[in-house]
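A.B. asks: What follows is the file run.txt, containing compact mmCIF, C-alpha atoms:
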```
# COMPACT_ATOMS: atom_id res chain seq x y z
CA MET A 50 -14.47 10.13 2.21
CA HIS A 51 -14.75 11.09 5.80
CA PRO A 52 -18.02 9.59 7.08
CA SER A 53 -19.43 12.80 8.48
CA HIS A 54 -22.34 15.11 7.80
CA HIS A 55 -20.47 16.94 5.03
CA CYS A 56 -19.64 15.16 1.81
CA HIS A 57 -16.13 15.79 0.55
CA ILE A 58 -13.77 13.86 -1.69
CA SER A 59 -10.09 14.72 -1.80
CA PHE A 60 -8.67 14.40 -5.31
CA LEU A 61 -5.06 15.44 -4.77
CA PRO A 62 -3.81 12.26 -3.05
CA ILE A 63 -5.31 10.18 -5.89
CA PHE A 64 -4.34 12.31 -8.87
CA SER A 65 -0.80 12.79 -7.61
CA THR A 66 -0.38 9.04 -8.03
CA CYS A 67 -2.14 8.82 -11.37
CA THR A 68 0.04 11.54 -12.89
CA LEU A 69 3.08 9.35 -12.27
CA SER A 70 1.89 6.64 -14.69
CA PRO A 71 3.02 8.37 -17.93
CA LEU A 72 6.46 8.75 -16.42
CA PHE A 73 6.76 5.02 -15.84
CA ASN A 74 5.27 4.08 -19.21
CA SER A 75 7.40 6.45 -21.32
CA ASN A 76 10.80 6.26 -19.65
CA PRO A 77 12.60 2.90 -20.04
CA SER A 78 14.79 3.66 -17.06
CA PHE A 79 11.76 3.37 -14.77
CA PRO A 80 9.94 0.11 -14.03
CA HIS A 81 6.57 -0.31 -15.75
CA ALA A 82 3.57 0.78 -13.73
CA SER A 83 2.26 -2.79 -13.63
CA SER A 84 5.40 -4.05 -11.89
CA PHE A 85 6.44 -1.51 -9.28
CA SER A 86 9.52 -2.81 -7.50
CA SER A 87 12.20 -1.97 -4.95
CA ILE A 88 12.60 1.78 -4.43
CA TRP A 89 9.52 2.74 -6.48
CA THR A 90 7.28 0.41 -4.49
CA HIS A 91 8.82 2.03 -1.43
CA PHE A 92 8.05 5.62 -2.37
CA LEU A 93 4.88 5.42 -4.48
CA SER A 94 2.73 4.67 -1.46
CA LEU A 95 3.58 8.14 -0.16
CA HIS A 96 1.12 9.57 -2.69
CA LEU A 97 -1.74 7.29 -1.68
CA SER A 98 -2.71 9.15 1.46
CA ALA A 99 -6.45 9.24 0.71
CA PRO A 100 -7.44 6.19 2.78
CA HIS A 101 -4.80 6.66 5.47
CA PRO A 102 -3.99 8.88 7.22
CA ASN A 103 -6.23 11.46 5.51
CA ALA A 104 -9.44 9.38 5.64
CA SER A 105 -10.67 11.31 2.59
CA LEU A 106 -11.74 8.01 1.01
CA THR A 107 -12.88 4.92 2.87
CA ASN A 108 -15.31 2.07 2.35
CA ALA A 109 -17.81 4.14 4.34
CA HIS A 110 -18.20 6.64 1.48
CA ALA A 111 -21.78 5.48 0.95
CA THR A 112 -22.72 6.60 4.48
CA CYS A 113 -22.11 10.26 3.73
CA VAL A 114 -25.41 11.83 4.78
CA ASN A 115 -25.60 14.65 2.23
CA ALA A 116 -24.05 12.81 -0.71
CA THR A 117 -25.58 13.38 -4.14
CA PRO A 118 -25.93 10.42 -6.54
CA GLN A 119 -22.99 11.84 -8.50
CA GLN A 120 -20.84 11.96 -5.36
CA GLU A 121 -21.88 8.42 -4.47
CA ALA A 122 -20.87 7.18 -7.92
CA LEU A 123 -17.59 9.08 -7.90
CA GLY A 124 -16.78 7.82 -4.42
CA ALA A 125 -17.31 4.23 -5.55
CA VAL A 126 -15.02 4.72 -8.56
CA LEU A 127 -12.27 6.35 -6.50
CA PHE A 128 -12.58 3.67 -3.82
CA LYS A 129 -12.02 1.00 -6.47
CA LEU A 130 -9.10 2.94 -7.93
CA ILE A 131 -7.36 3.27 -4.57
CA SER A 132 -7.91 -0.43 -3.82
CA ASN A 133 -6.41 -1.39 -7.18
CA LEU A 134 -3.41 0.91 -6.72
CA ILE A 135 -2.60 -0.49 -3.29
CA SER A 136 -2.92 -4.01 -4.70
CA LEU A 137 -0.61 -3.02 -7.57
CA ILE A 138 2.06 -1.84 -5.14
CA GLY A 139 1.99 -5.31 -3.59
CA GLU A 140 2.75 -6.66 -0.15
CA GLU A 141 6.54 -6.34 -0.23
CA GLY A 142 8.24 -3.29 1.21
CA PRO A 143 9.91 -2.04 4.38
CA GLY A 144 8.24 -1.90 7.74
CA TRP A 145 6.73 1.57 7.51
CA SER A 146 4.93 0.80 4.23
CA THR A 147 3.79 -2.58 5.58
CA THR A 148 1.97 -0.96 8.48
CA TRP A 149 0.69 1.87 6.27
CA LYS A 150 -0.83 -0.68 3.88
CA ALA A 151 -2.35 -2.56 6.83
CA ALA A 152 -3.97 0.66 8.08
CA SER A 153 -5.13 1.59 4.57
CA TRP A 154 -6.77 -1.79 4.01
CA ALA A 155 -8.42 -1.38 7.41
CA ARG A 156 -9.81 2.01 6.38
CA LEU A 157 -11.14 0.34 3.22
CA HIS A 158 -12.77 -2.29 5.48
CA ASN A 159 -10.83 -5.13 3.85
CA SER A 160 -10.09 -7.28 6.88
CA GLU A 161 -8.32 -10.07 4.98
CA ARG A 162 -5.81 -7.79 3.26
CA ALA A 163 -5.20 -5.83 6.48
CA TYR A 164 -4.54 -9.08 8.32
CA GLN A 165 -2.13 -10.27 5.61
CA MET A 166 -0.05 -7.12 6.04
CA ILE A 167 -0.03 -7.47 9.83
CA LYS A 168 1.05 -11.09 9.44
CA HIS A 169 3.78 -10.06 6.96
CA LEU A 170 5.23 -7.69 9.53
CA PHE A 171 6.11 -10.70 11.68
CA ASP A 172 8.21 -12.43 9.03
CA LEU A 173 11.62 -13.06 10.59
CA VAL A 174 14.40 -11.19 8.77
CA ASP A 175 18.09 -12.15 8.93
CA PRO A 176 20.07 -8.86 8.89
CA GLU A 177 23.05 -10.71 7.39
CA ASN A 178 21.02 -11.82 4.36
CA GLU A 179 18.50 -9.05 3.93
CA SER A 180 17.07 -8.05 0.56
CA ASN A 181 16.42 -4.43 -0.37
CA TYR A 182 13.26 -2.93 1.14
CA GLU A 183 12.33 -6.17 2.85
CA GLY A 184 9.56 -6.00 5.41
CA GLY A 185 9.49 -8.06 8.56
CA LEU A 186 10.96 -8.27 12.00
CA TYR A 187 14.46 -8.71 13.38
CA SER A 188 14.98 -11.11 16.26
CA ASN A 189 15.28 -8.14 18.66
CA MET A 190 11.68 -7.14 17.74
CA PHE A 191 12.72 -4.05 15.77
CA THR A 192 11.05 -3.89 12.37
CA ALA A 193 13.26 -4.45 9.35
CA HIS A 194 14.98 -1.89 7.14
CA PRO A 195 18.66 -1.34 7.96
CA PRO A 196 19.60 -0.51 10.61
CA PHE A 197 15.99 -0.75 11.85
CA GLN A 198 12.72 1.15 11.42
CA ILE A 199 10.97 2.20 14.61
CA ASP A 200 8.09 3.87 12.76
CA ALA A 201 6.76 0.43 11.85
CA ASN A 202 6.86 -0.69 15.48
CA PHE A 203 4.62 2.26 16.34
CA GLY A 204 2.65 1.87 13.11
CA PHE A 205 1.75 -1.72 14.01
CA SER A 206 -0.35 -0.64 17.00
CA ALA A 207 -1.94 2.13 14.94
CA ALA A 208 -2.90 -0.29 12.15
CA VAL A 209 -4.39 -2.81 14.59
CA ALA A 210 -6.36 0.00 16.24
CA GLU A 211 -7.77 0.97 12.81
CA MET A 212 -8.92 -2.62 12.32
CA LEU A 213 -10.84 -2.50 15.60
CA ILE A 214 -12.16 1.08 15.85
CA GLN A 215 -12.43 3.99 13.42
CA SER A 216 -13.92 7.40 14.07
CA SER A 217 -14.68 10.83 12.74
CA VAL A 218 -15.78 13.89 14.67
CA THR A 219 -19.36 12.61 14.65
CA ASP A 220 -19.13 8.83 14.13
CA ILE A 221 -17.58 5.72 15.66
CA TYR A 222 -17.20 2.48 13.65
CA LEU A 223 -16.78 -0.75 15.62
CA ILE A 224 -14.56 -3.65 14.44
CA PRO A 225 -14.78 -2.47 10.80
CA ALA A 226 -11.90 -4.67 9.64
CA LEU A 227 -11.83 -7.50 12.15
CA PRO A 228 -10.55 -10.76 10.60
CA ARG A 229 -13.30 -12.77 12.24
CA ASP A 230 -11.94 -16.19 11.35
CA LYS A 231 -8.49 -15.29 12.72
CA TRP A 232 -9.34 -13.20 15.80
CA ARG A 233 -12.60 -14.88 16.77
CA ASN A 234 -12.59 -13.75 20.41
CA GLY A 235 -10.94 -10.76 22.00
CA SER A 236 -11.16 -7.39 23.64
CA VAL A 237 -9.44 -4.02 23.63
CA GLU A 238 -9.43 -1.41 26.38
CA GLY A 239 -9.00 2.33 26.27
CA LEU A 240 -8.72 3.21 22.58
CA LYS A 241 -9.28 6.89 21.81
CA ALA A 242 -11.89 8.03 19.30
CA ARG A 243 -11.99 11.56 17.92
CA GLY A 244 -13.49 14.07 20.31
CA ASN A 245 -11.69 12.69 23.38
CA VAL A 246 -13.97 9.65 23.65
CA THR A 247 -12.51 6.49 25.20
CA VAL A 248 -13.73 3.20 23.75
CA SER A 249 -13.45 -0.36 25.06
CA ILE A 250 -14.95 -3.32 23.21
CA SER A 251 -15.11 -7.08 23.40
CA TRP A 252 -16.20 -9.57 20.77
CA SER A 253 -17.07 -13.26 20.71
CA ASP A 254 -17.16 -15.61 17.70
CA GLY A 255 -16.34 -12.60 15.53
CA ASP A 256 -19.37 -10.59 16.69
CA LEU A 257 -19.55 -7.55 18.92
CA HIS A 258 -20.30 -8.55 22.51
CA GLU A 259 -19.99 -5.34 24.50
CA LEU A 260 -19.08 -1.69 24.02
CA ARG A 261 -18.16 0.79 26.74
CA LEU A 262 -17.46 4.43 26.00
CA TRP A 263 -17.05 7.65 27.89
CA SER A 264 -15.60 11.14 27.73
CA ASP A 265 -13.74 12.70 30.64
CA ASN A 266 -14.17 16.25 29.39
CA ARG A 267 -15.88 18.69 31.73
CA GLU A 268 -18.65 16.99 33.66
CA ASN A 269 -22.32 17.27 32.68
CA GLN A 270 -21.55 18.30 29.11
CA ARG A 271 -23.62 16.60 26.42
CA PHE A 272 -22.03 15.05 23.37
CA THR A 273 -23.49 13.03 20.52
CA LYS A 274 -21.97 10.18 18.52
CA THR A 275 -23.41 7.98 15.80
CA ILE A 276 -22.22 4.45 16.53
CA HIS A 277 -21.98 1.97 13.65
CA TYR A 278 -21.61 -1.80 13.72
CA ASN A 279 -22.26 -3.90 10.62
CA ASP A 280 -25.57 -2.60 9.23
CA MET A 281 -26.70 -1.12 12.54
CA SER A 282 -26.38 2.53 13.52
CA VAL A 283 -27.58 4.35 16.62
CA VAL A 284 -27.36 8.02 17.54
CA ALA A 285 -26.34 8.28 21.18
CA THR A 286 -26.46 11.51 23.18
CA MET A 287 -24.42 11.13 26.34
CA LEU A 288 -23.03 13.06 29.29
CA THR A 289 -19.35 13.45 30.01
CA GLY A 290 -18.15 11.73 33.16
CA ILE A 291 -20.51 8.77 32.62
CA VAL A 292 -19.49 5.32 31.34
CA TYR A 293 -22.09 3.95 28.90
CA THR A 294 -22.26 0.20 28.28
CA PHE A 295 -23.91 -1.13 25.11
CA ASP A 296 -24.62 -4.73 24.12
CA GLY A 297 -23.94 -6.34 20.75
CA LYS A 298 -27.14 -4.81 19.35
CA LEU A 299 -26.00 -1.29 20.35
CA LYS A 300 -28.59 -1.04 23.11
CA THR A 301 -27.61 0.79 26.30
CA VAL A 302 -27.61 -1.74 29.13
CA LYS A 303 -25.81 0.12 31.92
CA THR A 304 -24.45 3.50 32.97
CA ALA A 305 -22.03 4.35 35.74
CA SER A 306 -20.06 7.36 36.95
CA LEU A 307 -16.37 7.49 36.16
```
I'd like the structure from this file rewritten - as structure tokens, please.
C.D. replies:
Amino acid sequence: MHPSHHCHISFLPIFSTCTLSPLFNSNPSFPHASSFSSIWTHFLSLHLSAPHPNASLTNAHATCVNATPQQEALGAVLFKLISNLISLIGEEGPGWSTTWKAASWARLHNSERAYQMIKHLFDLVDPENESNYEGGLYSNMFTAHPPFQIDANFGFSAAVAEMLIQSSVTDIYLIPALPRDKWRNGSVEGLKARGNVTVSISWSDGDLHELRLWSDNRENQRFTKTIHYNDMSVVATMLTGIVYTFDGKLKTVKTASL
């Protein structure tokens, strides 16, 4: 569910996958639903668009401001269903599905599974001895799937960005799927959040150290974002053309003109 002020759950991306199960169970020419393989693993993930790129279901479903108890319960059930379905598909697959699964796990705030998919993308693949729908990387840095698959090269940066920053029209989520024990220290500059907001962050020992954000829309225009990190949230009203610096506790510590 998009973490905004309006509570909405998209059913179509989920049900379109569920309706495929009878087909697999009743037709012996198809692999059983519990053991998706080769081409079916490749294409079934197309129907699981709820977590990514649609963002109609994420681990932030509980933050929906106007959610009823029934919506909260349904969101939790659907979140679990999507997680199980992505797990069922497995880690194998060509480059595009590898990066899609990394981005989806990031949207579900599962840092370990997202990291595993990113790591899998760097498996060296020998084009002379390549299995069907194998994910990984050729020695020329193109992602695998004959002759190559450039969408996974682009998808890699998108998936990593989702691990570090996520946003809606009203909210920004900081390092929601950071594998803290793997990427203990780091920084990223100039990522774009929705609403033409530029975000730069740094972290140390797996914790947020500093956040800088700004919008270069028309000067002296106010905009408001709810910034989330772990269990902390702050509502920040800012002016375009000003760089705002926050510390690890989401307190404003400095402002400066662009």
A.B. asks: Range 246-278 of chain A near range 210-231 of chain A within 9 Å: what's each residue's closest atom pair and its distance in Å to one decimal, counting all atoms listed in the file, ordered by chain then ascending residue number, as a tab-separated table?
C.D. replies:
```
residue	atom	partner	partner_atom	distance
A:Val248	CA	A:Ile214	CA	8.3
A:Ile250	CA	A:Leu223	CA	8.2
A:Trp252	CA	A:Ile224	CA	8.8
A:Asp254	CA	A:Arg229	CA	7.3
A:Gly255	CA	A:Arg229	CA	4.5
A:Asp256	CA	A:Arg229	CA	7.8
A:Leu257	CA	A:Ile224	CA	7.8
A:Leu260	CA	A:Leu223	CA	8.8
A:Thr273	CA	A:Thr219	CA	7.2
A:Lys274	CA	A:Thr219	CA	5.3
A:Thr275	CA	A:Asp220	CA	4.7
A:Ile276	CA	A:Ile221	CA	4.9
A:His277	CA	A:Tyr222	CA	4.8
A:Tyr278	CA	A:Leu223	CA	5.3
```
A.B. asks: So how far away is CA of Ser251 in chain A from CA of Ala151 in chain A, in Å?
C.D. replies: 21.4 Å
A.B. asks: Listed atoms of range 185-202 of chain A, axis-aligned box, 4 Å per side: centre and edge lengths to one decimal in Å, as JSON?
C.D. replies:
```
{"center_x": 13.2, "center_y": -3.6, "center_z": 12.9, "size_x": 20.8, "size_y": 23.0, "size_z": 19.5}
```
A.B. asks: Which residues come within 8 Å of range 263-267 of chain A, counting all atoms listed in the file, excluding same-chain residues fewer than 3 positions away, as a list in words?
C.D. replies: Asn245, Val246, Thr247, Val248, Gln270, Leu288, Thr289, Gly290, Ile291, Val292 and Tyr293 of chain A
A.B. asks: Quote the spacing between CA of Ala155 in chain A and CA of Glu140 in chain A in Å to one decimal place.
C.D. replies: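 Spanning CA of Ala155 in chain A to CA of Glu140 in chain A is a straight-line distance of 14.5 Å.
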A.B. asks: In Å, rounded to a single decimal, give me how far CA of Gln198 in chain A is from CA of Ile167 in chain A.
C.D. replies: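 Taking CA of Ile167 in chain A and CA of Gln198 in chain A, their separation equals 15.5 Å.
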A.B. asks: May I ask which of the residues A:Pro143, A:Trp154, A:Gly297, A:Arg162 is the closest one to Ile131 in chain A, counting only C-alpha atoms?
C.D. replies: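 Using only C-alpha atoms, the shortest distance to Ile131 in chain A belongs to A:Trp154.
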A.B. asks: Which one is closest to His169 in chain A: A:Phe205, A:Ile138, A:Ser132, A:Ser153? Count only C-alpha atoms.
C.D. replies: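 For His169 in chain A, the nearest of the given residues is A:Phe205.
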